[in-house]
Amino acid sequence: MPKQSYRIVALPGDGIGPEVLASALLVLNSVRELFKVDFEVEDIPCGGHYYAEHETEWPEGSFEKCEAADAILLGAVGHEVNGRPVFTKPGKPYPEPQLAGFAQVIGNRKKLDLYANVRPVKLYPGVKHKIHGKLVQVWDPEKVDYVVIRENTEDAYTGEIETIEDGRITPIRITRGATERVVRYAFNLARRRNKQNKVTCVDKSNIVGAHRFFREVFREVGEKEFPDLTLDYAYVDAFCQWQIRSPEWFDVVVGPNLVGDIVSDNGATTAGGLGLAVGGNIGDHHAMFEPIHGSAPKHAGKDKANPMAAILAMQMMLDWLGERYTDDRLIRAAVAVESSVAEVLKEGKTLTYDLVGDEHASKCSDVGAAVQSKLKLT
Ligand code: IPM
Ligand code: MN
């Protein structure tokens, strides 16, 4: 049932996070007016800069607010002091140091059980790529359209560290439960997309025993429960080059956490770069949406970063909320926001430096306003 008002927690975080999120929230304001749907947005300060000042990654009670929200929108985390990333101090709050901002990204993914990280690799018409410093069109938009599903709670991301005499060990943990649900998510998505009806399992199972288990579970679930789909297999190293050379081979791709982290950035190369790459962290009861670029400290505060990924993250949030609460207004709004983004990209007049070069670059806030101005009630 549609809700009267949706509670959104905004986590701007560090670096360019606040700027790009502001553009996404600007577009959300227009959604509110045009589609007559209400959102209560609460901003929570957090991340590495917050830690550097307060020795805690966010104010007390913030996780509970995330838990109570209908959806979370994250900017980016990762702060630098004197050119070095801020890590938490031992014991505050983790036994071993972690990247400050861990609570927002890894903590929320794990504690809210956001087990599938959904990262579309989709090239919009008109988008150029910076290759050898020149802007060129390399890939065909009709041939770059697949979705990476990244397992989001384990693999090398458990946060565990063991210090040994001459180094450190971080475990790679793959469990049946976490693998079954994420591969099911991927198989169901392939059915819903109904394009190639194919799911590619990407891993390093030729050498990493835990990944071999991931692949076995993928095969088991696929053969038993999804006989209508084609099961496809790739080792991550080879997959990285196929992503660049022949992205049209892929429809839905699923892999362990670290593999998914890497191949989603690599895939972004063929879809306009990280300025356009978006991720939805999805669980059965909660979800968090984010641009997958980092906090880019060197660009922070300059109003130059590309806000498109943050806007598309907000768009994915509308779609997810619309499905979850069978709210047609939100589903239509999601379609409308994507169309506005596509229009601004195609026109090519108001885009940031990464897509048009420094000479023709518009500001981050201007791109947000351009997307907002194109938004239409549908
Ligand atoms: C991502 C990021 C994070 C990750 C970092 C910031 C911990 O790279 O969302 O892809 O590795 O998952
Ligand atoms: Mn990443």
# chains A, B, ... in the order shown; residues from 1 in each chain; ligands from 1
>>> select_by_dssp(residues="range 278-347 of chain A", states="alpha helix (DSSP H)", output="ChimeraX atom specification")
/A:308-324,328-347
>>> write_last_selection(atoms="C-alpha atoms", output="mmCIF file, in the first residue's frame")
data_model
loop_
_atom_site.group_PDB
_atom_site.id
_atom_site.type_symbol
_atom_site.label_atom_id
_atom_site.label_comp_id
_atom_site.auth_asym_id
_atom_site.auth_seq_id
_atom_site.Cartn_x
_atom_site.Cartn_y
_atom_site.Cartn_z
ATOM 1 C CA MET A 308 24.363 12.106 -12.313
ATOM 2 C CA ALA A 309 25.260 8.964 -10.352
ATOM 3 C CA ALA A 310 23.698 10.402 -7.192
ATOM 4 C CA ILE A 311 20.599 11.421 -9.168
ATOM 5 C CA LEU A 312 20.375 7.932 -10.667
ATOM 6 C CA ALA A 313 20.792 6.452 -7.167
ATOM 7 C CA MET A 314 17.804 8.520 -6.059
ATOM 8 C CA GLN A 315 15.984 7.309 -9.185
ATOM 9 C CA MET A 316 16.682 3.689 -8.265
ATOM 10 C CA MET A 317 15.362 4.424 -4.776
ATOM 11 C CA LEU A 318 12.081 5.736 -6.230
ATOM 12 C CA ASP A 319 11.712 2.583 -8.296
ATOM 13 C CA TRP A 320 12.439 0.307 -5.330
ATOM 14 C CA LEU A 321 10.029 2.180 -3.034
ATOM 15 C CA GLY A 322 7.398 2.147 -5.784
ATOM 16 C CA GLU A 323 7.618 -1.638 -6.150
ATOM 17 C CA ARG A 324 7.738 -2.218 -2.416
ATOM 18 C CA ASP A 328 2.434 3.931 -8.990
ATOM 19 C CA ARG A 329 3.391 7.593 -8.484
ATOM 20 C CA LEU A 330 6.907 6.520 -7.521
ATOM 21 C CA ILE A 331 7.275 4.079 -10.389
ATOM 22 C CA ARG A 332 6.252 6.787 -12.847
ATOM 23 C CA ALA A 333 8.545 9.285 -11.137
ATOM 24 C CA ALA A 334 11.473 6.855 -11.492
ATOM 25 C CA VAL A 335 10.813 6.556 -15.230
ATOM 26 C CA ALA A 336 10.560 10.344 -15.507
ATOM 27 C CA VAL A 337 13.839 10.979 -13.670
ATOM 28 C CA GLU A 338 15.665 8.479 -15.857
ATOM 29 C CA SER A 339 14.248 10.139 -18.983
ATOM 30 C CA SER A 340 15.407 13.581 -17.799
ATOM 31 C CA VAL A 341 18.897 12.244 -17.135
ATOM 32 C CA ALA A 342 18.968 10.587 -20.566
ATOM 33 C CA GLU A 343 17.796 13.827 -22.204
ATOM 34 C CA VAL A 344 20.459 15.957 -20.523
ATOM 35 C CA LEU A 345 23.104 13.392 -21.503
ATOM 36 C CA LYS A 346 21.934 13.268 -25.101
ATOM 37 C CA GLU A 347 21.774 17.051 -25.465
#
>>> residues_near_ligand(ligand="ligand 2", cutoff="8 Å", atoms="only C-alpha atoms and all ligand atoms", output="list in words")
Asp261, Ile262, Ser264, Asp265, Ile292, His293 and Gly294 of chain A
>>> write_last_selection(atoms="all heavy atoms", output="mmCIF file, in the first residue's frame")
data_model
loop_
_atom_site.group_PDB
_atom_site.id
_atom_site.type_symbol
_atom_site.label_atom_id
_atom_site.label_comp_id
_atom_site.auth_asym_id
_atom_site.auth_seq_id
_atom_site.Cartn_x
_atom_site.Cartn_y
_atom_site.Cartn_z
ATOM 1 N N ASP A 261 32.862 -5.659 -6.582
ATOM 2 C CA ASP A 261 33.379 -4.296 -6.401
ATOM 3 C C ASP A 261 34.218 -3.916 -7.609
ATOM 4 O O ASP A 261 34.050 -2.858 -8.211
ATOM 5 C CB ASP A 261 34.218 -4.254 -5.112
ATOM 6 C CG ASP A 261 34.807 -2.883 -4.852
ATOM 7 O OD1 ASP A 261 34.094 -1.888 -5.063
ATOM 8 O OD2 ASP A 261 35.981 -2.806 -4.436
ATOM 9 N N ILE A 262 35.114 -4.798 -7.988
ATOM 10 C CA ILE A 262 36.054 -4.496 -9.075
ATOM 11 C C ILE A 262 35.355 -4.485 -10.437
ATOM 12 O O ILE A 262 35.524 -3.557 -11.222
ATOM 13 C CB ILE A 262 37.219 -5.505 -9.051
ATOM 14 C CG1 ILE A 262 38.012 -5.316 -7.738
ATOM 15 C CG2 ILE A 262 38.127 -5.319 -10.262
ATOM 16 C CD1 ILE A 262 38.945 -6.442 -7.395
ATOM 17 N N SER A 264 32.318 -3.918 -11.160
ATOM 18 C CA SER A 264 31.351 -2.837 -11.372
ATOM 19 C C SER A 264 32.073 -1.539 -11.738
ATOM 20 O O SER A 264 31.592 -0.784 -12.587
ATOM 21 C CB SER A 264 30.404 -2.660 -10.184
ATOM 22 O OG SER A 264 31.098 -2.529 -8.983
ATOM 23 N N ASP A 265 33.227 -1.281 -11.150
ATOM 24 C CA ASP A 265 34.002 -0.104 -11.577
ATOM 25 C C ASP A 265 34.527 -0.302 -12.998
ATOM 26 O O ASP A 265 34.499 0.613 -13.824
ATOM 27 C CB ASP A 265 35.220 0.119 -10.660
ATOM 28 C CG ASP A 265 34.879 0.969 -9.442
ATOM 29 O OD1 ASP A 265 33.723 0.929 -8.988
ATOM 30 O OD2 ASP A 265 35.778 1.661 -8.932
ATOM 31 N N ILE A 292 28.477 5.031 -6.961
ATOM 32 C CA ILE A 292 29.556 4.126 -6.534
ATOM 33 C C ILE A 292 30.946 4.755 -6.607
ATOM 34 O O ILE A 292 31.926 4.153 -6.224
ATOM 35 C CB ILE A 292 29.502 2.743 -7.241
ATOM 36 C CG1 ILE A 292 29.967 2.804 -8.685
ATOM 37 C CG2 ILE A 292 28.115 2.148 -7.148
ATOM 38 C CD1 ILE A 292 30.036 1.412 -9.326
ATOM 39 N N HIS A 293 30.994 6.010 -7.087
ATOM 40 C CA HIS A 293 32.292 6.694 -7.016
ATOM 41 C C HIS A 293 32.597 6.968 -5.549
ATOM 42 O O HIS A 293 31.719 6.915 -4.689
ATOM 43 C CB HIS A 293 32.259 7.996 -7.812
ATOM 44 C CG HIS A 293 31.174 8.963 -7.401
ATOM 45 N ND1 HIS A 293 31.146 9.571 -6.172
ATOM 46 C CD2 HIS A 293 30.081 9.403 -8.064
ATOM 47 C CE1 HIS A 293 30.090 10.362 -6.093
ATOM 48 N NE2 HIS A 293 29.412 10.268 -7.221
ATOM 49 N N GLY A 294 33.821 7.308 -5.272
ATOM 50 C CA GLY A 294 34.198 7.596 -3.894
ATOM 51 C C GLY A 294 33.978 9.064 -3.557
ATOM 52 O O GLY A 294 33.216 9.773 -4.238
#
>>> residues_near_ligand(ligand="ligand 1", cutoff="10 Å", atoms="only C-alpha atoms and all ligand atoms", output="PyMOL selection string")
chain A and resi 76-78+98-106+109+117+119+150+152-153+156-157+257-258+260-265+278-281+290-295
>>> residues_around(residues="Gly209 in chain A", least_positions_apart="5", cutoff="10 Å", atoms="only C-alpha atoms", output="CSV table (one decimal) with all heavy atoms, in the first residue's frame")
chain,number,residue,atom,x,y,z
A,172,ILE,N,38.5,-14.8,3.6
A,172,ILE,CA,37.5,-14.7,2.6
A,172,ILE,C,36.4,-15.7,3.0
A,172,ILE,O,36.6,-16.9,3.0
A,172,ILE,CB,38.1,-15.1,1.2
A,172,ILE,CG1,39.0,-14.0,0.8
A,172,ILE,CG2,37.0,-15.3,0.2
A,172,ILE,CD1,39.6,-14.2,-0.6
A,174,ILE,N,32.7,-17.3,2.5
A,174,ILE,CA,31.5,-17.5,1.6
A,174,ILE,C,30.6,-18.5,2.3
A,174,ILE,O,31.1,-19.6,2.6
A,174,ILE,CB,31.9,-18.0,0.2
A,174,ILE,CG1,33.0,-17.1,-0.5
A,174,ILE,CG2,30.7,-18.3,-0.7
A,174,ILE,CD1,32.4,-15.9,-1.1
A,204,LYS,N,36.8,-16.2,-8.8
A,204,LYS,CA,38.2,-16.7,-9.0
A,204,LYS,C,38.3,-18.1,-8.5
A,204,LYS,O,39.1,-18.4,-7.7
A,204,LYS,CB,39.2,-15.7,-8.3
A,204,LYS,CG,40.6,-15.9,-8.6
A,204,LYS,CD,41.0,-15.6,-10.0
A,204,LYS,CE,42.5,-16.0,-10.2
A,204,LYS,NZ,42.9,-16.0,-11.7
A,214,PHE,N,31.1,-20.7,-3.9
A,214,PHE,CA,30.1,-19.8,-4.5
A,214,PHE,C,29.6,-20.3,-5.8
A,214,PHE,O,28.4,-20.3,-6.1
A,214,PHE,CB,30.8,-18.4,-4.7
A,214,PHE,CG,29.9,-17.3,-5.1
A,214,PHE,CD1,29.3,-16.4,-4.1
A,214,PHE,CD2,29.5,-17.1,-6.4
A,214,PHE,CE1,28.4,-15.4,-4.5
A,214,PHE,CE2,28.7,-16.1,-6.8
A,214,PHE,CZ,28.1,-15.2,-5.8
A,215,ARG,N,30.5,-20.7,-6.7
A,215,ARG,CA,30.1,-21.2,-8.0
A,215,ARG,C,29.3,-22.5,-7.9
A,215,ARG,O,28.3,-22.6,-8.7
A,215,ARG,CB,31.4,-21.5,-8.8
A,215,ARG,CG,31.1,-21.8,-10.3
A,215,ARG,CD,32.4,-22.0,-11.1
A,215,ARG,NE,33.0,-20.7,-11.5
A,215,ARG,CZ,33.6,-20.6,-12.7
A,215,ARG,NH1,33.6,-21.6,-13.6
A,215,ARG,NH2,34.1,-19.5,-13.1
>>> residues_around(residues="Gly48 in chain A", least_positions_apart="4", cutoff="10 Å", atoms="only C-alpha atoms", output="MDAnalysis selection string")
chainID A and resid 13:15 52:58 76:81 85:88 99:102
>>> atom_distance(atom1="CA of Gly272 in chain A", atom2="CA of His129 in chain A")
5.6 Å
>>> atom_distance(atom1="CA of Thr350 in chain A", atom2="CA of Leu276 in chain A")
14.3 Å
>>> closest_residue(among="A:Ile8, A:Val127, A:Val20, A:Leu231", to="Ser365 in chain A", atoms="only C-alpha atoms")
A:Val20
>>> residues_around(residues="Tyr233 in chain A", least_positions_apart="4", cutoff="12 Å", atoms="only C-alpha atoms", output="list in words")
Lys198, Val199, Thr200, Cys201, Val202, Asp203, Lys204, Ser205, Asn206, Arg212, Phe214, Arg215, Glu216, Phe218, Arg219, Gly222, Ala238, Phe239, Trp249, Phe250, Val252, Val253, Val254 and Gly255 of chain A
>>> atom_distance(atom1="CA of Asp38 in chain A", atom2="CA of Lys363 in chain A")
28.2 Å
>>> closest_residue(among="A:Val182, A:His286, A:Thr326, A:Tyr146", to="Leu73 in chain A", atoms="only C-alpha atoms")
A:His286
>>> closest_residue(among="A:Val136, A:Leu377, A:Ile149, A:Leu355", to="Val31 in chain A", atoms="only C-alpha atoms")
A:Leu377
>>> residues_around(residues="Ala10 in chain A", least_positions_apart="4", cutoff="8 Å", atoms="only C-alpha atoms", output="short mmCIF file (atom, residue, chain, number, x, y, z; two decimals) with all heavy atoms, in the first residue's frame")
data_model
loop_
_atom_site.label_atom_id
_atom_site.label_comp_id
_atom_site.auth_asym_id
_atom_site.auth_seq_id
_atom_site.Cartn_x
_atom_site.Cartn_y
_atom_site.Cartn_z
N VAL A 41 12.89 14.05 4.63
CA VAL A 41 14.32 13.72 4.48
C VAL A 41 15.08 14.18 5.71
O VAL A 41 15.00 15.35 6.10
CB VAL A 41 14.90 14.40 3.22
CG1 VAL A 41 16.37 14.03 3.05
CG2 VAL A 41 14.10 14.02 1.99
N GLU A 42 15.79 13.27 6.35
CA GLU A 42 16.64 13.67 7.46
C GLU A 42 18.10 13.46 7.11
O GLU A 42 18.53 12.37 6.73
CB GLU A 42 16.31 12.87 8.74
CG GLU A 42 17.17 13.37 9.88
CD GLU A 42 16.85 12.77 11.25
OE1 GLU A 42 15.98 11.88 11.33
OE2 GLU A 42 17.49 13.20 12.21
N ASP A 43 18.86 14.54 7.22
CA ASP A 43 20.29 14.52 6.94
C ASP A 43 21.08 14.10 8.18
O ASP A 43 20.88 14.68 9.24
CB ASP A 43 20.71 15.98 6.67
CG ASP A 43 21.07 16.18 5.23
OD1 ASP A 43 20.22 15.91 4.37
OD2 ASP A 43 22.22 16.63 5.01
N ILE A 44 21.96 13.15 8.06
CA ILE A 44 22.80 12.78 9.20
C ILE A 44 24.27 12.98 8.84
O ILE A 44 24.76 12.38 7.88
CB ILE A 44 22.55 11.31 9.62
CG1 ILE A 44 21.07 11.11 10.01
CG2 ILE A 44 23.47 10.92 10.78
CD1 ILE A 44 20.74 9.71 10.48
N ILE A 72 17.52 4.71 2.40
CA ILE A 72 18.69 5.53 2.74
C ILE A 72 19.38 5.96 1.44
O ILE A 72 19.50 5.17 0.50
CB ILE A 72 19.69 4.70 3.58
CG1 ILE A 72 19.00 4.13 4.82
CG2 ILE A 72 20.90 5.53 3.97
CD1 ILE A 72 19.78 3.00 5.49
N LEU A 73 19.80 7.22 1.42
CA LEU A 73 20.57 7.73 0.28
C LEU A 73 21.95 8.12 0.79
O LEU A 73 22.05 8.95 1.70
CB LEU A 73 19.90 8.99 -0.26
CG LEU A 73 19.04 8.92 -1.51
CD1 LEU A 73 18.57 10.33 -1.85
CD2 LEU A 73 19.79 8.31 -2.68
N LEU A 74 22.98 7.52 0.23
CA LEU A 74 24.34 7.78 0.70
C LEU A 74 25.13 8.57 -0.35
O LEU A 74 25.03 8.27 -1.55
CB LEU A 74 25.02 6.43 0.99
CG LEU A 74 26.49 6.40 1.33
CD1 LEU A 74 26.74 6.96 2.74
CD2 LEU A 74 27.03 4.97 1.27
N GLY A 75 25.90 9.55 0.11
CA GLY A 75 26.77 10.30 -0.81
C GLY A 75 28.04 9.52 -1.05
O GLY A 75 28.15 8.73 -1.99
#
>>> closest_residue(among="A:Leu229, A:Val144, A:Leu21, A:Ala268", to="Tyr124 in chain A", atoms="only C-alpha atoms")
A:Val144
>>> residues_around(residues="Asp366 in chain A", least_positions_apart="3", cutoff="12 Å", atoms="only C-alpha atoms", output="short mmCIF file (atom, residue, chain, number, x, y, z; two decimals) with N, CA and C atoms, in the first residue's frame")
data_model
loop_
_atom_site.label_atom_id
_atom_site.label_comp_id
_atom_site.auth_asym_id
_atom_site.auth_seq_id
_atom_site.Cartn_x
_atom_site.Cartn_y
_atom_site.Cartn_z
N GLU A 19 27.85 17.45 -2.07
CA GLU A 19 27.48 18.21 -3.28
C GLU A 19 26.61 17.39 -4.21
N VAL A 20 27.01 16.16 -4.46
CA VAL A 20 26.25 15.35 -5.41
C VAL A 20 24.89 14.97 -4.83
N ALA A 22 23.17 16.82 -2.79
CA ALA A 22 22.31 18.01 -2.85
C ALA A 22 21.60 18.07 -4.19
N SER A 23 22.29 17.73 -5.27
CA SER A 23 21.64 17.74 -6.59
C SER A 23 20.54 16.69 -6.66
N ALA A 24 20.81 15.51 -6.08
CA ALA A 24 19.80 14.45 -6.09
C ALA A 24 18.57 14.89 -5.31
N LEU A 26 17.58 17.94 -4.84
CA LEU A 26 16.92 19.00 -5.62
C LEU A 26 15.92 18.36 -6.59
N VAL A 27 16.36 17.32 -7.26
CA VAL A 27 15.46 16.63 -8.20
C VAL A 27 14.32 15.96 -7.42
N ASP A 303 32.22 22.31 -6.58
CA ASP A 303 30.99 22.29 -7.37
C ASP A 303 31.29 21.80 -8.81
N LYS A 304 32.17 20.79 -8.92
CA LYS A 304 32.51 20.32 -10.27
C LYS A 304 32.21 18.84 -10.50
N ALA A 305 31.98 18.09 -9.41
CA ALA A 305 31.77 16.64 -9.54
C ALA A 305 30.46 16.35 -10.28
N ASN A 306 30.43 15.21 -10.93
CA ASN A 306 29.24 14.81 -11.69
C ASN A 306 28.14 14.29 -10.73
N PRO A 307 26.98 14.94 -10.70
CA PRO A 307 25.93 14.49 -9.77
C PRO A 307 25.02 13.43 -10.37
N MET A 308 25.28 13.04 -11.64
CA MET A 308 24.36 12.11 -12.31
C MET A 308 24.23 10.78 -11.56
N VAL A 344 19.33 15.05 -20.78
CA VAL A 344 20.46 15.96 -20.52
C VAL A 344 21.75 15.36 -21.09
N LYS A 349 24.69 19.53 -23.45
CA LYS A 349 24.98 20.95 -23.23
C LYS A 349 25.39 21.26 -21.79
N THR A 350 24.78 20.54 -20.85
CA THR A 350 25.04 20.83 -19.44
C THR A 350 25.59 19.58 -18.77
N LEU A 351 26.90 19.38 -18.94
CA LEU A 351 27.51 18.18 -18.36
C LEU A 351 28.82 18.56 -17.66
N THR A 352 29.25 17.72 -16.73
CA THR A 352 30.46 18.02 -15.97
C THR A 352 31.73 17.64 -16.76
N ALA A 361 32.91 22.38 -19.45
CA ALA A 361 32.26 21.80 -18.26
C ALA A 361 31.25 22.73 -17.61
N SER A 362 30.14 22.15 -17.18
CA SER A 362 29.18 22.86 -16.33
C SER A 362 29.44 22.45 -14.90
N LYS A 363 28.83 23.20 -13.99
CA LYS A 363 29.00 22.88 -12.57
C LYS A 363 28.09 21.74 -12.16
N ALA A 369 20.29 21.10 -11.76
CA ALA A 369 19.19 21.99 -12.17
C ALA A 369 18.70 21.62 -13.56
N ALA A 370 19.62 21.22 -14.44
CA ALA A 370 19.22 20.84 -15.82
C ALA A 370 18.32 19.61 -15.79
N VAL A 371 18.70 18.62 -14.98
CA VAL A 371 17.87 17.41 -14.87
C VAL A 371 16.51 17.79 -14.29
N GLN A 372 16.53 18.63 -13.28
CA GLN A 372 15.30 19.06 -12.63
C GLN A 372 14.37 19.77 -13.63
N SER A 373 14.95 20.61 -14.48
CA SER A 373 14.13 21.39 -15.41
C SER A 373 13.47 20.52 -16.48
#
>>> select_by_dssp(residues="range 134-286 of chain A", states="strand (DSSP E)", output="MDAnalysis selection string")
chainID A and resid 134:136 145:151 162:164 167:169 198:203 230:235 252:255 278:282
>>> closest_residue(among="A:Ala296, A:Leu34, A:Glu67, A:Asn188", to="Gly83 in chain A", atoms="only C-alpha atoms")
A:Ala296
>>> decode(residues="range 338-347 of chain A", atoms="all heavy atoms", output="compact mmCIF listing (two decimals), in the first residue's frame")
# COMPACT_ATOMS: atom_id res chain seq x y z
N GLU A 338 14.71 9.10 -14.94
CA GLU A 338 15.67 8.48 -15.86
C GLU A 338 15.59 9.14 -17.24
O GLU A 338 16.62 9.39 -17.87
CB GLU A 338 15.44 6.96 -15.98
CG GLU A 338 16.63 6.32 -16.69
CD GLU A 338 16.50 4.83 -16.97
OE1 GLU A 338 15.39 4.29 -16.85
OE2 GLU A 338 17.53 4.22 -17.35
N SER A 339 14.39 9.47 -17.68
CA SER A 339 14.25 10.14 -18.98
C SER A 339 14.92 11.51 -18.97
O SER A 339 15.57 11.89 -19.95
CB SER A 339 12.77 10.36 -19.35
OG SER A 339 12.10 9.15 -19.31
N SER A 340 14.77 12.26 -17.87
CA SER A 340 15.41 13.58 -17.80
C SER A 340 16.92 13.45 -17.85
O SER A 340 17.59 14.22 -18.53
CB SER A 340 15.08 14.31 -16.50
OG SER A 340 13.73 14.26 -16.23
N VAL A 341 17.45 12.47 -17.12
CA VAL A 341 18.90 12.24 -17.14
C VAL A 341 19.34 11.91 -18.56
O VAL A 341 20.29 12.50 -19.10
CB VAL A 341 19.29 11.09 -16.17
CG1 VAL A 341 20.71 10.62 -16.42
CG2 VAL A 341 19.12 11.54 -14.72
N ALA A 342 18.61 11.00 -19.20
CA ALA A 342 18.97 10.59 -20.57
C ALA A 342 18.92 11.78 -21.52
O ALA A 342 19.78 11.92 -22.40
CB ALA A 342 18.03 9.47 -21.03
N GLU A 343 17.93 12.65 -21.33
CA GLU A 343 17.80 13.83 -22.20
C GLU A 343 18.98 14.78 -22.04
O GLU A 343 19.56 15.26 -23.03
CB GLU A 343 16.51 14.57 -21.82
CG GLU A 343 15.57 14.82 -22.99
CD GLU A 343 14.37 15.61 -22.54
OE1 GLU A 343 13.47 15.00 -21.90
OE2 GLU A 343 14.34 16.82 -22.80
N VAL A 344 19.33 15.05 -20.78
CA VAL A 344 20.46 15.96 -20.52
C VAL A 344 21.75 15.36 -21.09
O VAL A 344 22.58 16.07 -21.68
CB VAL A 344 20.59 16.24 -19.00
CG1 VAL A 344 21.86 17.03 -18.70
CG2 VAL A 344 19.36 16.99 -18.49
N LEU A 345 21.90 14.05 -20.97
CA LEU A 345 23.10 13.39 -21.50
C LEU A 345 23.14 13.49 -23.03
O LEU A 345 24.17 13.76 -23.63
CB LEU A 345 23.14 11.92 -21.07
CG LEU A 345 23.47 11.66 -19.59
CD1 LEU A 345 23.23 10.20 -19.24
CD2 LEU A 345 24.92 12.05 -19.27
N LYS A 346 22.01 13.26 -23.64
CA LYS A 346 21.93 13.27 -25.10
C LYS A 346 22.18 14.67 -25.67
O LYS A 346 22.92 14.83 -26.64
CB LYS A 346 20.56 12.75 -25.55
CG LYS A 346 20.55 12.32 -26.98
CD LYS A 346 19.34 11.53 -27.30
CE LYS A 346 19.43 11.06 -28.74
NZ LYS A 346 18.28 10.28 -29.12
N GLU A 347 21.57 15.67 -25.02
CA GLU A 347 21.77 17.05 -25.46
C GLU A 347 23.23 17.46 -25.37
O GLU A 347 23.74 18.18 -26.22
CB GLU A 347 20.97 17.98 -24.54
CG GLU A 347 19.67 18.43 -25.15
CD GLU A 347 18.93 19.37 -24.20
OE1 GLU A 347 19.57 20.00 -23.32
OE2 GLU A 347 17.72 19.45 -24.34
